[in-house]
$ cat run_29.txt   # compact mmCIF, C-alpha atoms
# COMPACT_ATOMS: atom_id res chain seq x y z
CA MET A 1 17.14 8.97 -4.98
CA SER A 2 15.99 12.15 -3.25
CA TRP A 3 18.37 14.51 -1.47
CA VAL A 4 17.14 13.22 1.91
CA ASP A 5 17.86 9.64 0.76
CA ALA A 6 21.36 10.74 -0.26
CA VAL A 7 21.94 12.16 3.23
CA LEU A 8 20.76 8.94 4.89
CA ASP A 9 23.03 6.91 2.62
CA ALA A 10 26.02 9.14 3.35
CA TYR A 11 25.57 8.65 7.10
CA SER A 12 24.44 5.02 7.04
CA GLU A 13 27.48 3.95 9.09
CA SER A 14 26.93 6.49 11.87
CA GLU A 15 25.80 5.45 15.34
CA ALA A 16 23.36 8.36 15.46
CA PRO A 17 19.78 7.20 14.77
CA ALA A 18 18.86 7.42 11.07
CA LYS A 19 15.69 9.37 11.93
CA PHE A 20 17.89 12.14 13.36
CA PHE A 21 19.63 12.57 10.01
CA TYR A 22 16.28 12.39 8.21
CA TRP A 23 14.80 15.27 10.20
CA SER A 24 18.02 17.28 10.16
CA ALA A 25 17.95 17.00 6.36
CA LEU A 26 14.35 18.25 6.31
CA ALA A 27 15.35 21.17 8.53
CA ALA A 28 18.25 22.01 6.20
CA ILE A 29 15.90 22.25 3.20
CA SER A 30 13.40 24.26 5.25
CA ALA A 31 16.08 26.75 6.27
CA THR A 32 17.30 27.05 2.69
CA VAL A 33 14.01 27.87 0.96
CA LYS A 34 12.81 30.17 3.74
CA LYS A 35 9.75 32.13 2.60
CA SER A 36 10.30 31.69 -1.13
CA VAL A 37 7.76 28.90 -1.56
CA PHE A 38 4.28 28.33 -0.15
CA LEU A 39 1.06 26.37 -0.34
CA ASP A 40 -2.14 28.36 -0.74
CA ARG A 41 -4.46 27.56 2.19
CA PHE A 42 -6.90 30.25 0.97
CA TYR A 43 -7.18 31.93 4.37
CA TYR A 44 -3.38 32.10 4.63
CA ARG A 45 -0.19 31.03 2.93
CA LEU A 46 1.56 28.03 4.46
CA TYR A 47 5.36 28.16 4.37
CA PRO A 48 7.62 25.12 4.94
CA ASN A 49 9.47 26.45 8.00
CA ILE A 50 9.67 23.80 10.73
CA TYR A 51 10.89 23.43 14.31
CA VAL A 52 12.63 20.14 15.12
CA PHE A 53 13.85 18.72 18.44
CA LEU A 54 16.07 15.64 18.53
CA VAL A 55 15.70 13.99 21.93
CA ALA A 56 17.77 11.06 23.22
CA LYS A 57 19.97 9.99 26.08
CA SER A 58 23.42 11.53 26.45
CA GLY A 59 25.95 9.75 24.26
CA MET A 60 23.48 8.94 21.47
CA LYS A 61 25.51 11.03 18.97
CA LYS A 62 22.60 13.40 18.34
CA GLY A 63 25.04 16.26 17.80
CA ILE A 64 26.35 14.69 14.56
CA PRO A 65 23.18 15.20 12.49
CA VAL A 66 22.77 18.71 13.90
CA THR A 67 26.35 19.54 12.87
CA PHE A 68 25.71 18.06 9.42
CA ALA A 69 22.71 20.35 8.90
CA LYS A 70 24.57 23.41 10.15
CA GLN A 71 27.65 22.76 8.00
CA THR A 72 25.69 21.91 4.87
CA VAL A 73 23.45 24.96 5.07
CA ASN A 74 26.49 27.11 5.86
CA LYS A 75 28.33 25.83 2.77
CA SER A 76 25.29 26.46 0.61
CA ASP A 77 25.59 30.16 1.55
CA THR A 78 21.85 30.68 1.23
CA THR A 79 20.70 31.97 4.63
CA ARG A 80 21.88 33.32 7.96
CA ILE A 81 22.70 30.83 10.70
CA ILE A 82 22.31 31.63 14.39
CA SER A 83 23.98 29.21 16.77
CA GLY A 84 25.97 29.19 20.00
CA ARG A 85 24.72 30.65 23.27
CA ASN A 86 22.19 33.43 22.73
CA SER A 87 19.52 35.48 24.41
CA MET A 88 16.21 36.06 22.69
CA PRO A 89 16.75 39.85 22.56
CA SER A 90 20.10 39.34 20.81
CA ILE A 91 18.51 36.94 18.31
CA ILE A 92 15.82 39.52 17.55
CA GLN A 93 18.47 42.19 17.06
CA ASP A 94 20.45 39.95 14.70
CA LEU A 95 17.35 39.12 12.68
CA GLY A 96 16.53 42.79 12.41
CA LYS A 97 19.82 43.55 10.65
CA ALA A 98 20.70 42.94 7.02
CA TYR A 99 22.94 39.89 6.59
CA THR A 100 25.64 39.65 3.95
CA LEU A 101 26.35 36.22 2.46
CA GLU A 102 29.88 35.16 1.54
CA SER A 103 28.88 35.29 -2.11
CA GLY A 104 28.08 38.96 -1.71
CA GLY A 105 24.32 38.56 -1.67
CA MET A 106 22.30 40.15 1.09
CA ILE A 107 19.40 38.96 3.20
CA LYS A 108 17.32 41.93 4.28
CA ASP A 109 14.42 39.98 5.76
CA ALA A 110 14.34 38.42 9.24
CA GLN A 111 14.90 34.91 7.99
CA GLY A 112 17.36 32.35 9.29
CA PHE A 113 18.32 28.98 10.74
CA LEU A 114 18.45 28.62 14.52
CA VAL A 115 20.56 25.56 15.27
CA SER A 116 22.08 24.05 18.39
CA GLY A 117 23.54 20.71 19.48
CA GLU A 118 22.31 21.37 23.03
CA LEU A 119 19.14 23.35 23.08
CA ALA A 120 19.17 23.97 26.83
CA ALA A 121 22.42 25.92 26.38
CA PHE A 122 21.29 27.69 23.20
CA LEU A 123 18.89 30.14 24.79
CA VAL A 124 19.90 31.99 27.90
CA LYS A 125 17.07 31.43 30.37
CA ASP A 126 14.28 33.77 29.39
CA PRO A 127 10.64 33.12 30.27
CA ASP A 128 9.54 34.84 27.06
CA ALA A 129 11.93 33.09 24.63
CA LEU A 130 9.73 30.17 23.65
CA THR A 131 6.63 32.37 23.63
CA ILE A 132 8.32 34.56 21.02
CA LEU A 133 9.48 31.55 19.01
CA THR A 134 5.93 30.19 19.13
CA ASP A 135 4.64 33.45 17.72
CA LEU A 136 7.30 33.60 14.99
CA HIS A 137 6.61 30.04 13.88
CA ASP A 138 3.32 31.21 12.35
CA THR A 139 5.07 32.83 9.42
CA HIS A 140 1.84 33.54 7.55
CA ALA A 141 0.66 35.80 10.38
CA TYR A 142 3.51 38.23 9.71
CA GLU A 143 3.74 38.59 5.96
CA ASP A 144 5.12 42.11 6.22
CA TYR A 145 6.68 42.46 9.66
CA TRP A 146 6.64 41.36 13.30
CA LYS A 147 6.91 43.99 16.01
CA ASN A 148 8.35 43.59 19.50
CA SER A 149 7.77 46.56 21.79
CA LEU A 150 9.28 46.70 25.28
CA LYS A 151 9.65 49.59 27.67
CA GLY A 152 13.34 48.95 28.33
CA THR A 153 14.56 48.11 24.82
CA GLY A 154 12.25 50.08 22.59
CA VAL A 155 10.65 48.71 19.44
CA ASP A 156 12.12 45.96 17.27
CA LYS A 157 10.60 45.30 13.85
CA LEU A 158 11.41 42.11 11.97
CA LYS A 159 10.71 42.26 8.26
CA ALA A 160 8.90 39.22 6.78
CA PRO A 161 10.18 36.81 9.48
CA CYS A 162 10.67 33.12 8.72
CA LEU A 163 12.60 30.85 11.09
CA THR A 164 13.64 27.23 11.02
CA LEU A 165 14.78 25.67 14.30
CA LEU A 166 16.85 22.52 14.80
CA GLY A 167 17.96 21.58 18.29
CA ALA A 168 19.01 18.54 20.26
CA THR A 169 18.72 17.75 23.94
CA ASN A 170 18.46 14.83 26.33
CA GLU A 171 15.41 14.09 28.41
CA GLU A 172 16.95 15.47 31.59
CA HIS A 173 17.58 18.84 29.94
CA PHE A 174 14.27 18.87 28.08
CA SER A 175 12.46 20.47 31.01
CA GLU A 176 15.16 23.18 31.10
CA ALA A 177 14.83 23.87 27.38
CA VAL A 178 11.04 23.63 27.40
CA PRO A 179 9.42 24.71 30.68
CA GLN A 180 5.96 23.58 31.70
CA ASN A 181 4.18 26.68 30.37
CA ALA A 182 5.58 26.06 26.87
CA ILE A 183 4.25 22.50 26.73
CA GLY A 184 0.64 23.56 26.85
CA GLY A 185 1.27 27.02 25.42
CA GLY A 186 1.64 26.06 21.78
CA PHE A 187 5.38 25.65 21.34
CA ILE A 188 5.34 21.85 21.47
CA ALA A 189 2.32 21.76 19.15
CA ARG A 190 4.45 23.52 16.53
CA THR A 191 7.54 21.36 17.05
CA PHE A 192 8.42 17.93 15.72
CA ILE A 193 9.76 15.88 18.65
CA ILE A 194 12.06 13.17 17.30
CA PHE A 195 12.64 10.76 20.15
CA SER A 196 14.90 7.71 19.96
CA SER A 197 16.14 5.21 22.48
CA ASP A 198 17.92 3.13 19.82
CA LYS A 199 21.34 3.78 18.33
CA GLY A 200 22.06 3.55 14.64
CA LYS A 201 24.66 1.11 13.37
CA LEU A 202 27.27 0.27 16.02
CA ASN A 203 30.60 1.57 14.78
CA SER A 204 33.80 1.85 16.81
CA LEU A 205 35.32 4.11 14.10
CA THR A 206 38.72 2.48 14.43
CA LYS A 207 38.60 2.21 10.65
CA LYS A 208 37.51 4.79 8.12
CA PRO A 209 33.85 4.28 7.11
CA ILE A 210 33.22 3.09 3.58
CA LYS A 211 30.92 6.05 3.09
CA VAL A 212 31.97 9.50 4.31
CA ALA A 213 29.58 12.40 3.85
CA ASP A 214 30.72 15.24 1.62
CA THR A 215 28.83 18.25 2.98
CA LYS A 216 30.20 20.50 0.24
CA PHE A 217 28.74 18.20 -2.41
CA LEU A 218 25.44 17.93 -0.55
CA SER A 219 25.27 21.71 -0.26
CA GLU A 220 25.21 22.09 -4.05
CA TYR A 221 21.62 20.88 -4.25
CA LEU A 222 20.60 23.32 -1.53
CA LYS A 223 21.98 26.11 -3.69
CA GLU A 224 19.71 24.97 -6.51
CA ILE A 225 16.49 24.78 -4.52
CA ALA A 226 17.26 28.16 -2.94
CA LYS A 227 16.44 29.62 -6.36
CA VAL A 228 12.96 28.08 -6.41
CA LYS A 229 10.09 30.50 -5.84
CA GLY A 230 6.32 30.38 -5.98
CA GLU A 231 3.29 28.30 -5.13
CA PHE A 232 3.04 24.53 -4.74
CA GLN A 233 0.39 22.73 -6.76
CA TRP A 234 -1.57 19.62 -5.74
CA THR A 235 -1.95 16.55 -7.88
CA ASP A 236 -5.45 15.08 -7.71
CA ALA A 237 -4.16 11.92 -6.03
CA ALA A 238 -2.31 13.91 -3.38
CA MET A 239 -5.38 15.99 -2.62
CA LYS A 240 -7.60 12.92 -2.23
CA THR A 241 -5.07 11.14 -0.01
CA TYR A 242 -4.75 14.15 2.28
CA ASP A 243 -8.53 14.63 2.47
CA ASP A 244 -9.08 10.95 3.31
CA TRP A 245 -6.57 11.17 6.15
CA TYR A 246 -7.65 14.60 7.38
CA TYR A 247 -11.37 14.00 7.86
CA LYS A 248 -10.82 10.67 9.58
CA PHE A 249 -8.05 11.88 11.87
CA MET A 250 -9.62 15.19 12.84
CA ALA A 251 -12.91 13.52 13.69
CA SER A 252 -11.18 11.65 16.53
CA ASP A 253 -11.22 13.15 20.02
CA ALA A 254 -7.94 12.00 21.55
CA HIS A 255 -6.69 13.67 24.73
CA ASP A 256 -3.75 15.95 23.91
CA PRO A 257 -2.98 18.84 26.29
CA THR A 258 -0.18 20.09 24.01
CA GLY A 259 -2.45 20.86 21.05
CA THR A 260 -0.16 18.93 18.69
CA MET A 261 -2.91 16.83 17.16
CA ASN A 262 -5.01 19.88 16.27
CA ARG A 263 -2.09 21.40 14.37
CA ILE A 264 -0.68 18.30 12.73
CA GLY A 265 -2.55 18.85 9.47
CA ASP A 266 -0.51 21.92 8.51
CA GLN A 267 2.62 20.30 9.91
CA ILE A 268 2.16 17.38 7.53
CA LEU A 269 1.79 19.74 4.59
CA LYS A 270 4.99 21.56 5.57
CA VAL A 271 6.85 18.23 5.52
CA ALA A 272 5.23 17.26 2.21
CA MET A 273 6.49 20.48 0.61
CA ILE A 274 10.00 19.78 1.88
CA LEU A 275 9.90 16.17 0.62
CA SER A 276 8.80 17.45 -2.78
CA LEU A 277 11.76 19.83 -2.91
CA ALA A 278 14.09 17.04 -1.79
CA GLU A 279 13.03 15.10 -4.88
CA ASP A 280 13.05 17.87 -7.48
CA PRO A 281 12.23 21.58 -7.84
CA SER A 282 8.95 21.01 -9.71
CA MET A 283 6.84 22.47 -6.88
CA GLU A 284 4.31 19.64 -7.17
CA LEU A 285 2.74 17.81 -4.23
CA LYS A 286 2.39 14.16 -5.17
CA GLU A 287 0.60 11.35 -3.38
CA SER A 288 3.94 9.83 -2.34
CA HIS A 289 4.91 13.08 -0.60
CA ILE A 290 1.63 13.20 1.34
CA LEU A 291 1.82 9.54 2.37
CA GLU A 292 5.40 9.86 3.62
CA ALA A 293 4.66 13.15 5.38
CA ILE A 294 1.68 11.62 7.18
CA ASP A 295 3.78 8.63 8.22
CA VAL A 296 6.78 10.52 9.61
CA SER A 297 4.81 13.40 11.11
CA THR A 298 2.30 11.29 13.00
CA ALA A 299 5.15 9.10 14.23
CA CYS A 300 6.36 12.20 16.09
CA LEU A 301 3.25 12.03 18.26
CA ALA A 302 4.89 9.13 20.06
CA GLY A 303 7.98 11.27 20.67
CA MET A 304 5.81 14.07 21.99
CA GLN A 305 4.12 11.68 24.41
CA GLN A 306 7.46 10.25 25.54
CA VAL A 307 9.01 13.57 26.52
CA THR A 308 5.93 15.32 27.90
CA MET A 309 4.25 12.57 29.91
CA GLY A 310 6.45 13.40 32.90
CA ALA A 311 6.14 17.15 32.63
CA GLY A 312 4.81 18.71 35.80
CA LYS A 313 5.68 20.50 39.01
CA SER A 314 6.19 17.38 41.13
CA ASN A 315 9.76 16.69 42.23
CA LEU A 316 9.31 13.13 40.96
CA ALA A 317 7.62 13.98 37.65
CA PHE A 318 10.56 12.86 35.51
CA GLN A 319 11.08 9.66 37.55
CA THR A 320 7.37 8.86 37.29
CA LYS A 321 7.68 9.14 33.52
CA LEU A 322 10.50 6.59 33.56
CA VAL A 323 8.36 4.11 35.50
CA ILE A 324 5.36 4.59 33.21
CA ARG A 325 7.54 4.19 30.12
CA GLU A 326 8.94 0.93 31.41
CA LEU A 327 5.43 -0.35 32.02
CA LEU A 328 4.32 0.69 28.54
CA GLN A 329 7.26 -1.11 26.92
CA ALA A 330 7.35 -4.20 29.17
CA LYS A 331 5.87 -7.54 28.14
CA ASP A 332 2.26 -7.69 29.32
CA HIS A 333 2.91 -4.20 30.80
CA LYS A 334 4.29 -5.72 34.01
CA ILE A 335 7.65 -5.18 35.70
CA ASP A 336 9.37 -6.18 38.94
CA ARG A 337 10.19 -3.51 41.48
CA GLN A 338 13.70 -4.93 41.79
CA LYS A 339 14.34 -4.58 38.05
CA LEU A 340 13.25 -0.94 38.13
CA LEU A 341 15.63 -0.19 41.00
CA GLN A 342 18.50 -1.98 39.24
CA LYS A 343 17.98 -0.14 35.96
CA TYR A 344 17.38 3.31 37.44
CA TRP A 345 19.52 3.29 40.56
CA GLY A 346 20.95 6.68 39.61
CA GLU A 347 17.54 8.24 38.96
CA PHE A 348 15.55 7.20 42.05
CA ASP A 349 15.94 5.09 45.18
CA SER A 350 13.58 2.69 46.90
CA PHE A 351 11.91 5.46 48.88
CA ASP A 352 11.26 7.46 45.70
CA LEU A 353 9.87 4.40 43.95
CA ASP A 354 7.53 3.71 46.86
CA ARG A 355 6.20 7.28 46.62
CA ILE A 356 5.76 6.97 42.85
CA ALA A 357 3.99 3.61 43.21
CA GLU A 358 1.71 4.96 45.92
CA THR A 359 0.70 7.88 43.71
CA LEU A 360 0.05 5.66 40.68
CA LEU A 361 -1.91 3.20 42.83
CA GLY A 362 -4.04 6.01 44.18
CA ALA A 363 -4.66 7.27 40.65
CA GLY A 364 -5.75 3.79 39.55
CA ALA A 365 -2.93 3.66 36.97
CA ILE A 366 -1.25 0.51 38.30
CA SER A 367 -1.96 -2.51 40.44
CA LEU A 368 0.39 -4.71 42.48
CA GLY A 369 1.27 -8.25 41.45
CA PRO A 370 -0.09 -11.19 43.44
CA ASP A 371 3.34 -12.33 44.68
CA THR A 372 3.85 -10.60 48.06
CA LYS A 373 7.48 -11.77 48.25
CA ARG A 374 8.48 -10.23 44.92
CA VAL A 375 6.73 -6.92 44.37
CA SER A 376 5.75 -6.13 40.80
CA TYR A 377 3.73 -3.38 39.17
CA HIS A 378 1.05 -3.92 36.51
CA LEU A 379 -0.22 -1.12 34.27
CA ARG A 380 -4.00 -1.19 34.41
CA PRO A 381 -5.93 -1.41 31.09
CA GLU A 382 -7.59 1.95 31.72
CA ALA A 383 -4.22 3.69 32.08
CA LEU A 384 -2.81 1.88 29.06
CA ALA A 385 -5.72 3.15 26.99
CA ILE A 386 -5.06 6.74 28.06
CA TYR A 387 -1.39 6.62 27.13
CA THR A 388 -1.96 4.94 23.75
CA THR A 389 -5.00 6.89 22.53
CA ALA A 390 -2.97 9.18 20.27
CA LEU A 391 -1.07 6.27 18.77
CA ARG A 392 -4.25 4.34 18.04
CA GLY A 393 -5.74 7.43 16.48
CA ILE A 394 -3.08 7.68 13.78
CA GLN A 395 -3.38 4.11 12.57

$ encode --input "run_29.txt" --output "structure tokens"
Amino acid sequence: MSWVDAVLDAYSESEAPAKFFYWSALAAISATVKKSVFLDRFYYRLYPNIYVFLVAKSGMKKGIPVTFAKQTVNKSDTTRIISGRNSMPSIIQDLGKAYTLESGGMIKDAQGFLVSGELAAFLVKDPDALTILTDLHDTHAYEDYWKNSLKGTGVDKLKAPCLTLLGATNEEHFSEAVPQNAIGGGFIARTFIIFSSDKGKLNSLTKKPIKVADTKFLSEYLKEIAKVKGEFQWTDAAMKTYDDWYYKFMASDAHDPTGTMNRIGDQILKVAMILSLAEDPSMELKESHILEAIDVSTACLAGMQQVTMGAGKSNLAFQTKLVIRELLQAKDHKIDRQKLLQKYWGEFDSFDLDRIAETLLGAGAISLGPDTKRVSYHLRPEALAIYTTALRGIQ
């Protein structure tokens, strides 16, 4: 059983989706090893730092896996943790200072774990915040230091930066946390979007769960892998499996304004390194790690599509996304107007829905049902193909 499997087992009775604990566990390992391990990509070194967004409706318990990751990494005493409400300038200042661990050790480099249960509240509104985080994600580009020079604040230099980000938000707050310019500007392409509309195991918690996670115990393994240093090595089977996937996938020409699909190759390798460390500290990439990394990473393309399909400047962009999603998920991709109004009465009214339908009709995305007495909307095959291209491309 790998460390990630142990985390999933420990939280198997939680209502939070299991995939949220899975990715929070990956983020915890990423934050722990920082810049100590890498994969040689010949033109650059690839480090296993990742950005992860957990996205779900309010009340889906997404804060529990985020808290688990924060507490476990904190108890491992292996890196700095930045949480709470922050501004990007204050984060840069904190990263620029030496950080003393409880054990007495010191972190002199600009390395740390950015973590928040509500991402929209984590960063004080700053148009440059996500641009800076996008830049800092490319750890290999700043092997020695990253410099930030502003007229008002002077020059900040971050030594050997390496950041891991784990945040949670709901769809309504997603546009606050990630403005339109960040969707096509590279931030989303570097971020794993973990979307879920399904709860984990229903549990009223009137009785103590049979399994209760011991974060102190789980942190012990993080302490061990924090000592690991050096270069990952491929097995022949792992290399062949990755090559087979890479050349087939990258030859496709799916529409993706976020740039995610062009970057997913390195993202998969980051996850494979983390999965290897979750199993043992041998620093070996096996075929099983590559296969699992491909599976879970490409599955995030669906999450990316879910949360970005309604991004735009229109006042009804988010509501339009809800309508399209219902059509994508509905049997035969058809749904009654009345059912939409009943389900989303708090999101849009009949006048809004008429405007949305008129726009989608004009765009050729939907057609009206034949029954004039009971209006229904049908997603046209051409539109369905557009919205499912990325998903077909990963199969």

$ closest_residue --input "run_29.txt" --among "A:Pro17, A:Tyr377, A:Met283, A:Lys108" --to "Ile225 in chain A" --atoms "only C-alpha atoms"
A:Met283

$ closest_residue --input "run_29.txt" --among "A:Leu114, A:Ala272, A:Ile335, A:Ala383" --to "Pro48 in chain A" --atoms "all atoms listed in the file"
A:Ala272

$ closest_residue --input "run_29.txt" --among "A:Lys286, A:Arg190, A:Arg380, A:Lys211" --to "Gln233 in chain A" --atoms "all atoms listed in the file"
A:Lys286

$ residues_near_point --input "run_29.txt" --point "(12.4, 15.9, 16.6)" --cutoff "6 Å" --atoms "only C-alpha atoms" --output "PyMOL selection string"
chain A and resi 52-54+192-194

$ closest_residue --input "run_29.txt" --among "A:Ala293, A:Leu379, A:Met273, A:Ala357" --to "Arg325 in chain A" --atoms "all atoms listed in the file"
A:Leu379

$ atom_distance --input "run_29.txt" --atom1 "CA of Leu130 in chain A" --atom2 "CA of Ile274 in chain A"
24.1 Å

$ atom_distance --input "run_29.txt" --atom1 "CA of Ala278 in chain A" --atom2 "CA of Ser2 in chain A"
5.4 Å

$ closest_residue --input "run_29.txt" --among "A:Lys35, A:His289, A:Lys57, A:His140" --to "Ile107 in chain A" --atoms "all atoms listed in the file"
A:Lys35

$ closest_residue --input "run_29.txt" --among "A:Gln319, A:Gln71, A:Thr241, A:Ala177" --to "Gly346 in chain A" --atoms "all atoms listed in the file"
A:Gln319

$ residues_around --input "run_29.txt" --residues "range 39-47 of chain A" --least-positions-apart "2" --cutoff "10 Å" --atoms "only C-alpha atoms" --output "PyMOL selection string"
chain A and resi 30+33-37+49-50+137-141+143+162+230-234+266-267+269-270+273-274+283+285

$ residues_around --input "run_29.txt" --residues "range 74-80 of chain A" --least-positions-apart "3" --cutoff "8 Å" --atoms "all atoms listed in the file" --output "count of residues only"
19

$ atom_distance --input "run_29.txt" --atom1 "CA of Ala365 in chain A" --atom2 "CA of Phe195 in chain A"
24.0 Å

$ residues_around --input "run_29.txt" --residues "Arg263 in chain A" --least-positions-apart "5" --cutoff "12 Å" --atoms "only C-alpha atoms" --output "number ranges by chain"
A: 138, 186-192, 246, 249-250, 256, 258, 268-270, 297-298, 301
